[in-house]
$ cat work.pdb   # PDB, C-alpha atoms and all ligand atoms
ATOM      1  CA  MET B 361      11.378  19.316   5.512
ATOM      2  CA  THR B 362       9.871  16.449   3.465
ATOM      3  CA  SER B 363       6.112  16.040   3.414
ATOM      4  CA  VAL B 364       5.005  12.397   3.306
ATOM      5  CA  ILE B 365       1.781  12.214   1.280
ATOM      6  CA  ASP B 366      -0.665  10.011   3.172
ATOM      7  CA  GLY B 367      -2.497   7.959   0.529
ATOM      8  CA  LYS B 368      -4.661   6.192   3.091
ATOM      9  CA  ALA B 369      -6.016   9.497   4.420
ATOM     10  CA  VAL B 370      -6.612  10.979   0.943
ATOM     11  CA  ALA B 371      -8.294   7.732  -0.199
ATOM     12  CA  ALA B 372     -10.520   7.828   2.893
ATOM     13  CA  SER B 373     -11.656  11.347   2.001
ATOM     14  CA  VAL B 374     -12.401  10.304  -1.613
ATOM     15  CA  LEU B 375     -14.425   7.376  -0.259
ATOM     16  CA  GLU B 376     -16.396   9.722   2.011
ATOM     17  CA  GLU B 377     -17.293  11.777  -1.109
ATOM     18  CA  CYS B 378     -18.397   8.491  -2.682
ATOM     19  CA  ARG B 379     -20.567   7.601   0.327
ATOM     20  CA  ALA B 380     -22.572  10.786  -0.217
ATOM     21  CA  GLU B 381     -22.828  10.075  -3.981
ATOM     22  CA  VAL B 382     -24.089   6.525  -3.279
ATOM     23  CA  ALA B 383     -26.856   7.948  -1.078
ATOM     24  CA  GLU B 384     -27.874  10.365  -3.881
ATOM     25  CA  LEU B 385     -27.959   7.562  -6.461
ATOM     26  CA  LYS B 386     -29.997   5.304  -4.164
ATOM     27  CA  ALA B 387     -32.459   8.133  -3.483
ATOM     28  CA  LYS B 388     -33.032   8.228  -7.253
ATOM     29  CA  GLY B 389     -33.580   4.449  -7.359
ATOM     30  CA  THR B 390     -30.137   3.303  -8.588
ATOM     31  CA  VAL B 391     -27.998   0.897  -6.562
ATOM     32  CA  PRO B 392     -24.540   1.160  -8.160
ATOM     33  CA  GLY B 393     -23.083  -2.255  -9.004
ATOM     34  CA  LEU B 394     -19.508  -3.404  -9.696
ATOM     35  CA  ALA B 395     -18.413  -6.788 -11.069
ATOM     36  CA  VAL B 396     -14.834  -7.885 -10.452
ATOM     37  CA  VAL B 397     -13.538 -10.843 -12.446
ATOM     38  CA  LEU B 398     -10.396 -12.651 -11.322
ATOM     39  CA  VAL B 399      -8.806 -15.462 -13.312
ATOM     40  CA  GLY B 400      -6.232 -17.665 -11.596
ATOM     41  CA  ASP B 401      -4.380 -17.799  -8.305
ATOM     42  CA  ASP B 402      -2.123 -14.744  -8.188
ATOM     43  CA  PRO B 403      -1.964 -14.026  -4.421
ATOM     44  CA  ALA B 404      -1.613 -10.230  -4.767
ATOM     45  CA  SER B 405      -4.592 -10.099  -7.158
ATOM     46  CA  HIS B 406      -6.696 -11.983  -4.612
ATOM     47  CA  VAL B 407      -5.758  -9.363  -1.979
ATOM     48  CA  TYR B 408      -6.727  -6.451  -4.282
ATOM     49  CA  VAL B 409      -9.994  -8.041  -5.416
ATOM     50  CA  GLY B 410     -10.948  -8.807  -1.799
ATOM     51  CA  SER B 411     -10.272  -5.191  -0.918
ATOM     52  CA  LYS B 412     -12.416  -3.905  -3.833
ATOM     53  CA  VAL B 413     -15.378  -6.067  -2.807
ATOM     54  CA  ARG B 414     -15.060  -5.083   0.884
ATOM     55  CA  THR B 415     -14.970  -1.392  -0.042
ATOM     56  CA  CYS B 416     -18.155  -1.827  -2.115
ATOM     57  CA  ALA B 417     -19.880  -3.471   0.859
ATOM     58  CA  ASP B 418     -18.751  -0.729   3.218
ATOM     59  CA  LEU B 419     -20.176   2.007   0.961
ATOM     60  CA  GLY B 420     -23.418   0.209   0.098
ATOM     61  CA  LEU B 421     -22.623  -0.690  -3.526
ATOM     62  CA  HIS B 422     -23.809  -3.964  -5.001
ATOM     63  CA  SER B 423     -20.833  -6.107  -6.043
ATOM     64  CA  GLU B 424     -20.261  -9.402  -7.777
ATOM     65  CA  LYS B 425     -16.945 -11.216  -7.378
ATOM     66  CA  ILE B 426     -16.310 -13.838 -10.042
ATOM     67  CA  VAL B 427     -13.291 -16.063  -9.487
ATOM     68  CA  LEU B 428     -12.416 -18.329 -12.414
ATOM     69  CA  PRO B 429      -9.823 -21.123 -12.536
ATOM     70  CA  ALA B 430      -6.411 -20.390 -14.114
ATOM     71  CA  GLU B 431      -7.224 -22.708 -17.050
ATOM     72  CA  THR B 432     -10.306 -20.655 -18.072
ATOM     73  CA  THR B 433     -10.218 -20.095 -21.822
ATOM     74  CA  GLN B 434     -10.333 -16.751 -23.568
ATOM     75  CA  GLU B 435     -13.796 -17.605 -24.953
ATOM     76  CA  GLU B 436     -15.133 -18.550 -21.508
ATOM     77  CA  LEU B 437     -13.830 -15.312 -20.032
ATOM     78  CA  ILE B 438     -15.323 -13.204 -22.820
ATOM     79  CA  ALA B 439     -18.654 -15.002 -22.325
ATOM     80  CA  VAL B 440     -18.602 -13.919 -18.652
ATOM     81  CA  VAL B 441     -17.866 -10.320 -19.706
ATOM     82  CA  GLN B 442     -20.738 -10.406 -22.225
ATOM     83  CA  ARG B 443     -23.120 -11.691 -19.552
ATOM     84  CA  LEU B 444     -22.073  -8.769 -17.292
ATOM     85  CA  ASN B 445     -22.416  -6.275 -20.179
ATOM     86  CA  ALA B 446     -26.081  -7.274 -20.409
ATOM     87  CA  ASP B 447     -26.772  -7.234 -16.648
ATOM     88  CA  PRO B 448     -28.637  -4.031 -15.661
ATOM     89  CA  ALA B 449     -27.601  -4.412 -11.992
ATOM     90  CA  ILE B 450     -23.937  -4.062 -13.017
ATOM     91  CA  HIS B 451     -22.648  -0.592 -13.944
ATOM     92  CA  GLY B 452     -18.912  -1.285 -13.727
ATOM     93  CA  ILE B 453     -16.909  -4.294 -14.918
ATOM     94  CA  LEU B 454     -13.224  -5.014 -14.473
ATOM     95  CA  VAL B 455     -11.009  -7.988 -15.121
ATOM     96  CA  GLN B 456      -8.160  -8.048 -12.629
ATOM     97  CA  SER B 457      -4.733  -7.681 -14.213
ATOM     98  CA  PRO B 458      -2.532  -9.574 -14.868
ATOM     99  CA  PRO B 459      -4.563 -12.529 -16.187
ATOM    100  CA  PRO B 460      -2.829 -15.881 -16.894
ATOM    101  CA  LYS B 461      -0.437 -15.791 -19.867
ATOM    102  CA  HIS B 462      -2.719 -17.626 -22.336
ATOM    103  CA  ILE B 463      -5.338 -14.852 -22.076
ATOM    104  CA  ASP B 464      -5.180 -11.976 -24.577
ATOM    105  CA  GLU B 465      -5.866  -9.145 -22.128
ATOM    106  CA  GLU B 466      -6.428  -6.569 -24.869
ATOM    107  CA  ALA B 467      -9.155  -8.680 -26.491
ATOM    108  CA  VAL B 468     -10.869  -9.112 -23.129
ATOM    109  CA  VAL B 469     -10.769  -5.367 -22.450
ATOM    110  CA  ARG B 470     -12.265  -4.686 -25.903
ATOM    111  CA  ALA B 471     -15.128  -7.067 -25.044
ATOM    112  CA  ILE B 472     -16.170  -4.898 -22.068
ATOM    113  CA  ASP B 473     -18.950  -2.405 -22.843
ATOM    114  CA  PRO B 474     -16.999   0.908 -22.785
ATOM    115  CA  ARG B 475     -19.848   2.475 -20.776
ATOM    116  CA  LYS B 476     -19.065  -0.073 -18.011
ATOM    117  CA  ASP B 477     -15.253  -0.036 -18.391
ATOM    118  CA  VAL B 478     -14.479   1.493 -14.979
ATOM    119  CA  ASP B 479     -10.773   0.663 -15.369
ATOM    120  CA  GLY B 480     -10.656   3.040 -18.345
ATOM    121  CA  PHE B 481      -8.645   0.553 -20.427
ATOM    122  CA  HIS B 482     -11.023   0.237 -23.434
ATOM    123  CA  PRO B 483      -9.790   2.077 -26.577
ATOM    124  CA  GLU B 484     -12.906   4.266 -26.488
ATOM    125  CA  ASN B 485     -12.001   5.484 -23.001
ATOM    126  CA  VAL B 486      -8.310   5.878 -23.923
ATOM    127  CA  ALA B 487      -9.458   8.136 -26.793
ATOM    128  CA  LYS B 488     -11.768  10.095 -24.496
ATOM    129  CA  LEU B 489      -8.872  10.691 -22.093
ATOM    130  CA  ALA B 490      -6.701  11.990 -24.934
ATOM    131  CA  LEU B 491      -9.612  14.190 -26.078
ATOM    132  CA  GLU B 492     -10.234  15.382 -22.505
ATOM    133  CA  ASP B 493     -13.851  14.191 -22.737
ATOM    134  CA  PRO B 494     -15.123  13.909 -19.144
ATOM    135  CA  THR B 495     -17.680  11.195 -20.036
ATOM    136  CA  GLY B 496     -14.793   8.705 -20.359
ATOM    137  CA  PHE B 497     -13.259   6.734 -17.494
ATOM    138  CA  VAL B 498      -9.773   7.658 -16.349
ATOM    139  CA  PRO B 499      -7.619   4.686 -15.230
ATOM    140  CA  CYS B 500      -7.777   4.490 -11.440
ATOM    141  CA  THR B 501      -4.079   4.576 -10.527
ATOM    142  CA  PRO B 502      -3.095   7.691 -12.520
ATOM    143  CA  ALA B 503      -6.355   9.404 -11.478
ATOM    144  CA  GLY B 504      -5.338   8.601  -7.891
ATOM    145  CA  CYS B 505      -1.868  10.072  -8.442
ATOM    146  CA  MET B 506      -3.432  13.334  -9.666
ATOM    147  CA  ARG B 507      -5.620  13.474  -6.534
ATOM    148  CA  LEU B 508      -2.538  12.940  -4.372
ATOM    149  CA  LEU B 509      -0.708  15.808  -6.100
ATOM    150  CA  ALA B 510      -3.732  18.068  -5.564
ATOM    151  CA  ALA B 511      -4.101  17.014  -1.919
ATOM    152  CA  ALA B 512      -0.421  17.783  -1.312
ATOM    153  CA  GLY B 513      -0.888  21.246  -2.862
ATOM    154  CA  VAL B 514       1.585  20.536  -5.676
ATOM    155  CA  LYS B 515       1.367  23.052  -8.536
ATOM    156  CA  THR B 516       1.570  21.174 -11.821
ATOM    157  CA  ALA B 517       1.141  24.169 -14.168
ATOM    158  CA  GLY B 518       4.447  24.851 -15.862
ATOM    159  CA  ALA B 519       6.201  22.103 -13.863
ATOM    160  CA  GLU B 520       8.637  19.702 -15.545
ATOM    161  CA  ALA B 521       7.158  16.242 -14.946
ATOM    162  CA  VAL B 522       8.930  12.990 -15.752
ATOM    163  CA  VAL B 523       6.867   9.810 -15.926
ATOM    164  CA  ILE B 524       9.030   6.677 -15.814
ATOM    165  CA  GLY B 525       7.130   3.863 -17.531
ATOM    166  CA  ARG B 526       4.879   3.806 -20.592
ATOM    167  CA  SER B 527       2.237   1.212 -19.672
ATOM    168  CA  MET B 528      -1.389   1.610 -20.718
ATOM    169  CA  ILE B 529      -2.438   1.245 -17.040
ATOM    170  CA  VAL B 530      -0.232   3.995 -15.596
ATOM    171  CA  GLY B 531       2.507   5.664 -17.676
ATOM    172  CA  LYS B 532       0.589   6.786 -20.777
ATOM    173  CA  PRO B 533      -2.605   7.937 -19.010
ATOM    174  CA  MET B 534      -0.494   9.656 -16.330
ATOM    175  CA  ALA B 535       1.326  11.642 -19.013
ATOM    176  CA  LEU B 536      -2.007  12.655 -20.610
ATOM    177  CA  LEU B 537      -3.423  13.768 -17.258
ATOM    178  CA  LEU B 538      -0.358  15.830 -16.369
ATOM    179  CA  MET B 539      -0.345  17.619 -19.734
ATOM    180  CA  ALA B 540      -4.165  18.113 -19.881
ATOM    181  CA  LYS B 541      -5.680  21.586 -19.722
ATOM    182  CA  GLY B 542      -5.860  22.624 -16.087
ATOM    183  CA  SER B 543      -2.840  20.482 -15.122
ATOM    184  CA  ASP B 544      -0.551  22.106 -17.693
ATOM    185  CA  ALA B 545       2.692  20.309 -16.849
ATOM    186  CA  THR B 546       5.489  19.837 -19.389
ATOM    187  CA  VAL B 547       5.769  16.063 -19.581
ATOM    188  CA  THR B 548       8.576  13.677 -20.520
ATOM    189  CA  VAL B 549       7.820   9.953 -20.677
ATOM    190  CA  ALA B 550      10.922   7.871 -20.012
ATOM    191  CA  HIS B 551      11.219   4.097 -20.303
ATOM    192  CA  SER B 552      13.650   1.185 -20.374
ATOM    193  CA  ARG B 553      15.182   2.332 -23.706
ATOM    194  CA  SER B 554      15.596   5.986 -22.644
ATOM    195  CA  LYS B 555      19.186   7.216 -22.710
ATOM    196  CA  ASP B 556      20.580   8.482 -19.394
ATOM    197  CA  LEU B 557      17.454   8.147 -17.285
ATOM    198  CA  PRO B 558      19.108   9.747 -14.226
ATOM    199  CA  ALA B 559      19.856  12.901 -16.242
ATOM    200  CA  ILE B 560      16.246  13.065 -17.496
ATOM    201  CA  CYS B 561      14.938  12.677 -13.934
ATOM    202  CA  ARG B 562      17.292  15.368 -12.580
ATOM    203  CA  ARG B 563      15.360  17.939 -14.681
ATOM    204  CA  ALA B 564      12.066  17.034 -13.045
ATOM    205  CA  ASP B 565      10.012  19.020 -10.551
ATOM    206  CA  ILE B 566       7.661  16.011 -10.381
ATOM    207  CA  ILE B 567       8.712  12.373 -10.869
ATOM    208  CA  VAL B 568       6.134   9.609 -11.270
ATOM    209  CA  ALA B 569       7.873   6.229 -11.015
ATOM    210  CA  ALA B 570       5.901   3.369 -12.588
ATOM    211  CA  VAL B 571       8.458   0.876 -13.861
ATOM    212  CA  GLY B 572       7.895  -2.105 -11.579
ATOM    213  CA  ARG B 573      11.585  -2.351 -10.615
ATOM    214  CA  PRO B 574      12.209  -2.363  -6.873
ATOM    215  CA  GLU B 575      14.005   0.772  -5.588
ATOM    216  CA  MET B 576      15.363   1.718  -9.020
ATOM    217  CA  VAL B 577      15.114   5.509  -8.608
ATOM    218  CA  LYS B 578      18.030   6.720  -6.504
ATOM    219  CA  ALA B 579      18.810   9.948  -4.640
ATOM    220  CA  ASP B 580      21.343  11.130  -7.234
ATOM    221  CA  TRP B 581      18.576  11.010  -9.920
ATOM    222  CA  MET B 582      16.744  13.814  -8.167
ATOM    223  CA  LYS B 583      16.880  17.522  -8.002
ATOM    224  CA  GLU B 584      16.587  18.964  -4.489
ATOM    225  CA  GLY B 585      12.925  19.701  -3.616
ATOM    226  CA  ALA B 586      11.316  17.514  -6.305
ATOM    227  CA  VAL B 587       7.971  15.806  -5.679
ATOM    228  CA  VAL B 588       8.006  12.012  -6.041
ATOM    229  CA  ILE B 589       4.971   9.815  -6.677
ATOM    230  CA  ASP B 590       5.929   6.146  -6.345
ATOM    231  CA  VAL B 591       3.502   3.846  -8.157
ATOM    232  CA  GLY B 592       5.590   0.678  -7.711
ATOM    233  CA  ILE B 593       4.363  -2.049  -5.366
ATOM    234  CA  ASN B 594       7.033  -4.759  -5.360
ATOM    235  CA  ARG B 595       7.156  -7.770  -3.066
ATOM    236  CA  ILE B 596      10.698  -8.397  -1.810
ATOM    237  CA  ASP B 597      11.566 -11.634   0.007
ATOM    238  CA  ASP B 598      12.176 -10.933   3.678
ATOM    239  CA  PRO B 599      12.263 -13.977   5.985
ATOM    240  CA  SER B 600      12.318 -11.685   9.035
ATOM    241  CA  THR B 601       8.674 -10.661   8.397
ATOM    242  CA  LYS B 602       5.564 -12.720   9.233
ATOM    243  CA  LYS B 603       4.492 -12.867   5.571
ATOM    244  CA  GLY B 604       8.008 -13.683   4.335
ATOM    245  CA  TYR B 605       8.101 -10.546   2.173
ATOM    246  CA  ARG B 606       7.884  -6.780   2.415
ATOM    247  CA  LEU B 607       6.610  -4.171   0.002
ATOM    248  CA  VAL B 608       8.897  -1.604  -1.603
ATOM    249  CA  GLY B 609       8.270   0.939  -4.325
ATOM    250  CA  ASP B 610      10.203   1.786  -7.485
ATOM    251  CA  VAL B 611      11.976   4.495  -5.495
ATOM    252  CA  ALA B 612      14.770   3.925  -2.958
ATOM    253  CA  TYR B 613      12.671   5.675  -0.316
ATOM    254  CA  ASP B 614      15.208   6.052   2.516
ATOM    255  CA  GLU B 615      17.789   7.844   0.392
ATOM    256  CA  VAL B 616      15.351   9.755  -1.853
ATOM    257  CA  ALA B 617      12.892  11.088   0.767
ATOM    258  CA  PRO B 618      15.307  13.552   2.426
ATOM    259  CA  LYS B 619      15.883  15.268  -0.956
ATOM    260  CA  CYS B 620      12.172  15.671  -1.794
ATOM    261  CA  SER B 621       9.668  18.335  -0.881
ATOM    262  CA  ALA B 622       6.963  15.641  -0.945
ATOM    263  CA  ILE B 623       6.891  11.878  -1.536
ATOM    264  CA  THR B 624       4.406   8.996  -1.408
ATOM    265  CA  PRO B 625       5.348   5.985   0.745
ATOM    266  CA  VAL B 626       4.914   2.315  -0.184
ATOM    267  CA  PRO B 627       2.703   0.916   1.220
ATOM    268  CA  GLY B 628       0.155   3.609   2.087
ATOM    269  CA  GLY B 629       0.679   5.913  -0.898
ATOM    270  CA  VAL B 630      -0.731   5.360  -4.373
ATOM    271  CA  GLY B 631      -2.139   1.830  -3.717
ATOM    272  CA  PRO B 632      -5.162   2.816  -1.590
ATOM    273  CA  MET B 633      -6.050   5.539  -4.136
ATOM    274  CA  THR B 634      -6.513   2.933  -6.881
ATOM    275  CA  ILE B 635      -9.475   1.405  -5.061
ATOM    276  CA  ALA B 636     -11.001   4.756  -4.064
ATOM    277  CA  LEU B 637     -10.925   5.975  -7.680
ATOM    278  CA  LEU B 638     -12.414   2.669  -8.863
ATOM    279  CA  ILE B 639     -15.441   3.330  -6.665
ATOM    280  CA  LYS B 640     -15.607   6.897  -8.012
ATOM    281  CA  ASN B 641     -15.589   5.553 -11.588
ATOM    282  CA  THR B 642     -18.303   3.020 -10.758
ATOM    283  CA  LEU B 643     -20.527   5.812  -9.469
ATOM    284  CA  GLN B 644     -19.837   7.809 -12.649
ATOM    285  CA  ALA B 645     -20.887   4.747 -14.688
ATOM    286  CA  ALA B 646     -24.064   4.339 -12.615
ATOM    287  CA  ARG B 647     -24.964   8.021 -13.135
ATOM    288  CA  GLN B 648     -24.251   7.892 -16.880
ATOM    289  CA  LEU B 649     -26.117   4.605 -17.452
ATOM    290  CA  GLY B 650     -29.024   5.750 -15.265
TER     291      GLY B 650
HETATM  292  N1  LIG B 701      -7.965  -4.433 -13.646
HETATM  293  C1  LIG B 701      -6.981  -3.868 -12.917
HETATM  294  N2  LIG B 701      -5.946  -4.596 -12.525
HETATM  295  C2  LIG B 701      -4.951  -4.007 -11.793
HETATM  296  C3  LIG B 701      -5.039  -2.650 -11.397
HETATM  297  C4  LIG B 701      -6.153  -1.901 -11.837
HETATM  298  O1  LIG B 701      -6.292  -0.673 -11.580
HETATM  299  N3  LIG B 701      -7.115  -2.555 -12.582
HETATM  300  N4  LIG B 701      -4.084  -2.110 -10.548
HETATM  301  C5  LIG B 701      -3.124  -2.975  -9.890
HETATM  302  C6  LIG B 701      -3.588  -3.653  -8.643
HETATM  303  N5  LIG B 701      -4.523  -2.917  -7.771
HETATM  304  C7  LIG B 701      -5.828  -2.867  -8.116
HETATM  305  O2  LIG B 701      -6.343  -3.607  -8.891
HETATM  306  C8  LIG B 701      -4.117  -2.434  -6.495
HETATM  307  C9  LIG B 701      -2.794  -2.442  -6.111
HETATM  308  C10 LIG B 701      -2.421  -2.037  -4.820
HETATM  309  C11 LIG B 701      -3.392  -1.631  -3.914
HETATM  310  C12 LIG B 701      -3.035  -1.260  -2.500
HETATM  311  O3  LIG B 701      -3.876  -0.757  -1.789
HETATM  312  N6  LIG B 701      -1.815  -1.562  -2.063
HETATM  313  C13 LIG B 701      -1.431  -1.349  -0.682
HETATM  314  C14 LIG B 701      -0.628  -2.559  -0.224
HETATM  315  C15 LIG B 701      -1.462  -3.822  -0.255
HETATM  316  C16 LIG B 701      -0.656  -5.071   0.017
HETATM  317  O4  LIG B 701      -0.451  -5.369   1.187
HETATM  318  O5  LIG B 701      -0.274  -5.762  -0.946
HETATM  319  C17 LIG B 701      -0.581  -0.084  -0.567
HETATM  320  O6  LIG B 701       0.117   0.249  -1.542
HETATM  321  O7  LIG B 701      -0.630   0.511   0.489
HETATM  322  C18 LIG B 701      -4.696  -1.604  -4.306
HETATM  323  C19 LIG B 701      -5.056  -2.003  -5.578
HETATM  324  C20 LIG B 701      -2.722  -4.086 -10.844
HETATM  325  N7  LIG B 701      -3.866  -4.736 -11.400
END

$ encode --input "work.pdb" --output "structure tokens" --more "lines below"
Ligand SMILES: Nc1nc2c(c(=O)[nH]1)N[C@@H](CN(C=O)c1ccc(C(=O)N[C@@H](CCC(=O)O)C(=O)O)cc1)CN2
Amino acid sequence: MTSVIDGKAVAASVLEECRAEVAELKAKGTVPGLAVVLVGDDPASHVYVGSKVRTCADLGLHSEKIVLPAETTQEELIAVVQRLNADPAIHGILVQSPPPKHIDEEAVVRAIDPRKDVDGFHPENVAKLALEDPTGFVPCTPAGCMRLLAAAGVKTAGAEAVVIGRSMIVGKPMALLLMAKGSDATVTVAHSRSKDLPAICRRADIIVAAVGRPEMVKADWMKEGAVVIDVGINRIDDPSTKKGYRLVGDVAYDEVAPKCSAITPVPGGVGPMTIALLIKNTLQAARQLG
């Protein structure tokens, strides 16, 4: 029997933890504040940013949403980041990804004060993750995946885990989290140049798919009873729907699910966790900055 891991329910419980933490911070005189910067017109990014700001409002955080035109220059964007770095009402800063092509995302991330880098993308926080230093910020999506595994009662110690994808946002931090002390998985990171990806995946007790290719992971890539965490959120044209598209993951859900012991759906799996963990990180920043 396959267990479908309900990301909305787990995210709601993380957010309830956050609600209590917000009350504690406010009682000590700190109103946690998050600034979200969005450059350009990417429709999905607008949805995610809207959701982040609404979640802040619901939990009583202060938030600032800064929407900049697509032609904003690198220098203008960095000036906005520097203004937020200096703002004492703001504890967390993020620039929504992906920015327009002319923006050097890495340079923008490096401009964020690492103490306010609630995305966990700054090199200082990447190093802290590798060093297992809990004062760093863990990127929200892989942190969310770890919470989902815990909520589903999945034992990671000694498990063979395969992470498909080596991005700085998901694949690399996910691998570090799975192999960290306390998680203790044996981790393989596979990517587009890996030889015989299906054979690598067939070894796995846990598969984390984060490649951004719709329904790439098939049933014959899986061993019976594996746990599958699907990070992909791909929009597929579908004229039969009201929006003209539907969302699918990186995993061919209908054929894979019956072979799994547990799997995350898309939508309603990893996605909602990303926002819940962002709030958690913002509260950590507010506590650490005081
Ligand atoms: N600066 C960042 N940019 C991006 C991040 C990030 O963590 N930091 N992650 C993603 C986008 N993202 C948050 O920013 C995000 C993606 C998906 C969801 C979500 O709840 N998805 C829903 C479906 C929503 C829909 O209808 O489209 C789900 O999966 O159920 C939340 C946040 C890239 N950019």

$ resolve_selection --input "work.pdb" --expression "the PyMOL selection byres (((chain B and resi 620) around 6) and not hetatm)" --output "list in words"
Thr362, Gly585, Ala586, Val587, Ala617, Pro618, Lys619, Ser621 and Ala622 of chain B

$ residues_near_ligand --input "work.pdb" --ligand "ligand LIG 701 (chain B)" --cutoff "7 Å" --atoms "only C-alpha atoms and all ligand atoms" --output "VMD selection string"
chain B and resid 404 to 405 407 to 409 454 to 458 479 499 to 501 529 593 626 to 632 634 to 635

$ resolve_selection --input "work.pdb" --expression "the PyMOL selection byres (((chain B and resi 498) around 12) and not hetatm)" --output "PyMOL selection string"
chain B and resi 474+477-497+499-506+528-530+532-534+536-537+634+637-638+640-642+644-645

$ write_last_selection --input "work.pdb" --atoms "C-alpha atoms" --output "tab-separated table (two decimals), in the frame of the given file"
chain	number	residue	atom	x	y	z
B	474	PRO	CA	-17.00	0.91	-22.78
B	477	ASP	CA	-15.25	-0.04	-18.39
B	478	VAL	CA	-14.48	1.49	-14.98
B	479	ASP	CA	-10.77	0.66	-15.37
B	480	GLY	CA	-10.66	3.04	-18.34
B	481	PHE	CA	-8.64	0.55	-20.43
B	482	HIS	CA	-11.02	0.24	-23.43
B	483	PRO	CA	-9.79	2.08	-26.58
B	484	GLU	CA	-12.91	4.27	-26.49
B	485	ASN	CA	-12.00	5.48	-23.00
B	486	VAL	CA	-8.31	5.88	-23.92
B	487	ALA	CA	-9.46	8.14	-26.79
B	488	LYS	CA	-11.77	10.10	-24.50
B	489	LEU	CA	-8.87	10.69	-22.09
B	490	ALA	CA	-6.70	11.99	-24.93
B	491	LEU	CA	-9.61	14.19	-26.08
B	492	GLU	CA	-10.23	15.38	-22.50
B	493	ASP	CA	-13.85	14.19	-22.74
B	494	PRO	CA	-15.12	13.91	-19.14
B	495	THR	CA	-17.68	11.20	-20.04
B	496	GLY	CA	-14.79	8.70	-20.36
B	497	PHE	CA	-13.26	6.73	-17.49
B	499	PRO	CA	-7.62	4.69	-15.23
B	500	CYS	CA	-7.78	4.49	-11.44
B	501	THR	CA	-4.08	4.58	-10.53
B	502	PRO	CA	-3.10	7.69	-12.52
B	503	ALA	CA	-6.36	9.40	-11.48
B	504	GLY	CA	-5.34	8.60	-7.89
B	505	CYS	CA	-1.87	10.07	-8.44
B	506	MET	CA	-3.43	13.33	-9.67
B	528	MET	CA	-1.39	1.61	-20.72
B	529	ILE	CA	-2.44	1.25	-17.04
B	530	VAL	CA	-0.23	4.00	-15.60
B	532	LYS	CA	0.59	6.79	-20.78
B	533	PRO	CA	-2.60	7.94	-19.01
B	534	MET	CA	-0.49	9.66	-16.33
B	536	LEU	CA	-2.01	12.66	-20.61
B	537	LEU	CA	-3.42	13.77	-17.26
B	634	THR	CA	-6.51	2.93	-6.88
B	637	LEU	CA	-10.92	5.98	-7.68
B	638	LEU	CA	-12.41	2.67	-8.86
B	640	LYS	CA	-15.61	6.90	-8.01
B	641	ASN	CA	-15.59	5.55	-11.59
B	642	THR	CA	-18.30	3.02	-10.76
B	644	GLN	CA	-19.84	7.81	-12.65
B	645	ALA	CA	-20.89	4.75	-14.69

$ atom_distance --input "work.pdb" --atom1 "CA of Asp610 in chain B" --atom2 "CA of Glu575 in chain B"
4.4 Å

$ atom_distance --input "work.pdb" --atom1 "CA of Ala383 in chain B" --atom2 "CA of Leu398 in chain B"
28.3 Å

$ resolve_selection --input "work.pdb" --expression "the PyMOL selection byres (((chain B and resi 373) around 12) and not hetatm)" --output "PDB file with C-alpha atoms, in the coordinates of the input"
ATOM      1  CA  ASP B 366      -0.665  10.011   3.172  1.00  0.00           C
ATOM      2  CA  GLY B 367      -2.497   7.959   0.529  1.00  0.00           C
ATOM      3  CA  LYS B 368      -4.661   6.192   3.091  1.00  0.00           C
ATOM      4  CA  ALA B 369      -6.016   9.497   4.420  1.00  0.00           C
ATOM      5  CA  VAL B 370      -6.612  10.979   0.943  1.00  0.00           C
ATOM      6  CA  ALA B 371      -8.294   7.732  -0.199  1.00  0.00           C
ATOM      7  CA  ALA B 372     -10.520   7.828   2.893  1.00  0.00           C
ATOM      8  CA  VAL B 374     -12.401  10.304  -1.613  1.00  0.00           C
ATOM      9  CA  LEU B 375     -14.425   7.376  -0.259  1.00  0.00           C
ATOM     10  CA  GLU B 376     -16.396   9.722   2.011  1.00  0.00           C
ATOM     11  CA  GLU B 377     -17.293  11.777  -1.109  1.00  0.00           C
ATOM     12  CA  CYS B 378     -18.397   8.491  -2.682  1.00  0.00           C
ATOM     13  CA  ARG B 379     -20.567   7.601   0.327  1.00  0.00           C
ATOM     14  CA  ALA B 380     -22.572  10.786  -0.217  1.00  0.00           C
ATOM     15  CA  ARG B 507      -5.620  13.474  -6.534  1.00  0.00           C
ATOM     16  CA  LEU B 508      -2.538  12.940  -4.372  1.00  0.00           C
ATOM     17  CA  ALA B 511      -4.101  17.014  -1.919  1.00  0.00           C
ATOM     18  CA  PRO B 632      -5.162   2.816  -1.590  1.00  0.00           C
ATOM     19  CA  MET B 633      -6.050   5.539  -4.136  1.00  0.00           C
ATOM     20  CA  ALA B 636     -11.001   4.756  -4.064  1.00  0.00           C
ATOM     21  CA  LEU B 637     -10.925   5.975  -7.680  1.00  0.00           C
ATOM     22  CA  LYS B 640     -15.607   6.897  -8.012  1.00  0.00           C
TER      23      LYS B 640
END

$ closest_residue --input "work.pdb" --among "B:Ala569, B:Ala646, B:Met539, B:Ile639" --to "Val413 in chain B" --atoms "only C-alpha atoms"
B:Ile639

$ atom_distance --input "work.pdb" --atom1 "CA of Ile463 in chain B" --atom2 "CA of Asp590 in chain B"
28.6 Å

$ residues_around --input "work.pdb" --residues "Arg563 in chain B" --least-positions-apart "4" --cutoff "12 Å" --atoms "all atoms listed in the file" --output "PyMOL selection string"
chain B and resi 519-523+546-548+556-559+567+580-587

$ closest_residue --input "work.pdb" --among "B:Gly393, B:Gly513, B:Gly542, B:Pro625" --to "Gly420 in chain B" --atoms "only C-alpha atoms"
B:Gly393

$ residues_around --input "work.pdb" --residues "range 425-427 of chain B" --least-positions-apart "2" --cutoff "9 Å" --atoms "all atoms listed in the file" --output "ChimeraX atom specification"
/B:394-400,409-410,413,423,429,440

$ closest_residue --input "work.pdb" --among "B:Gly650, B:Glu436, B:Asp401, B:Ile453" --to "Lys388 in chain B" --atoms "only C-alpha atoms"
B:Gly650
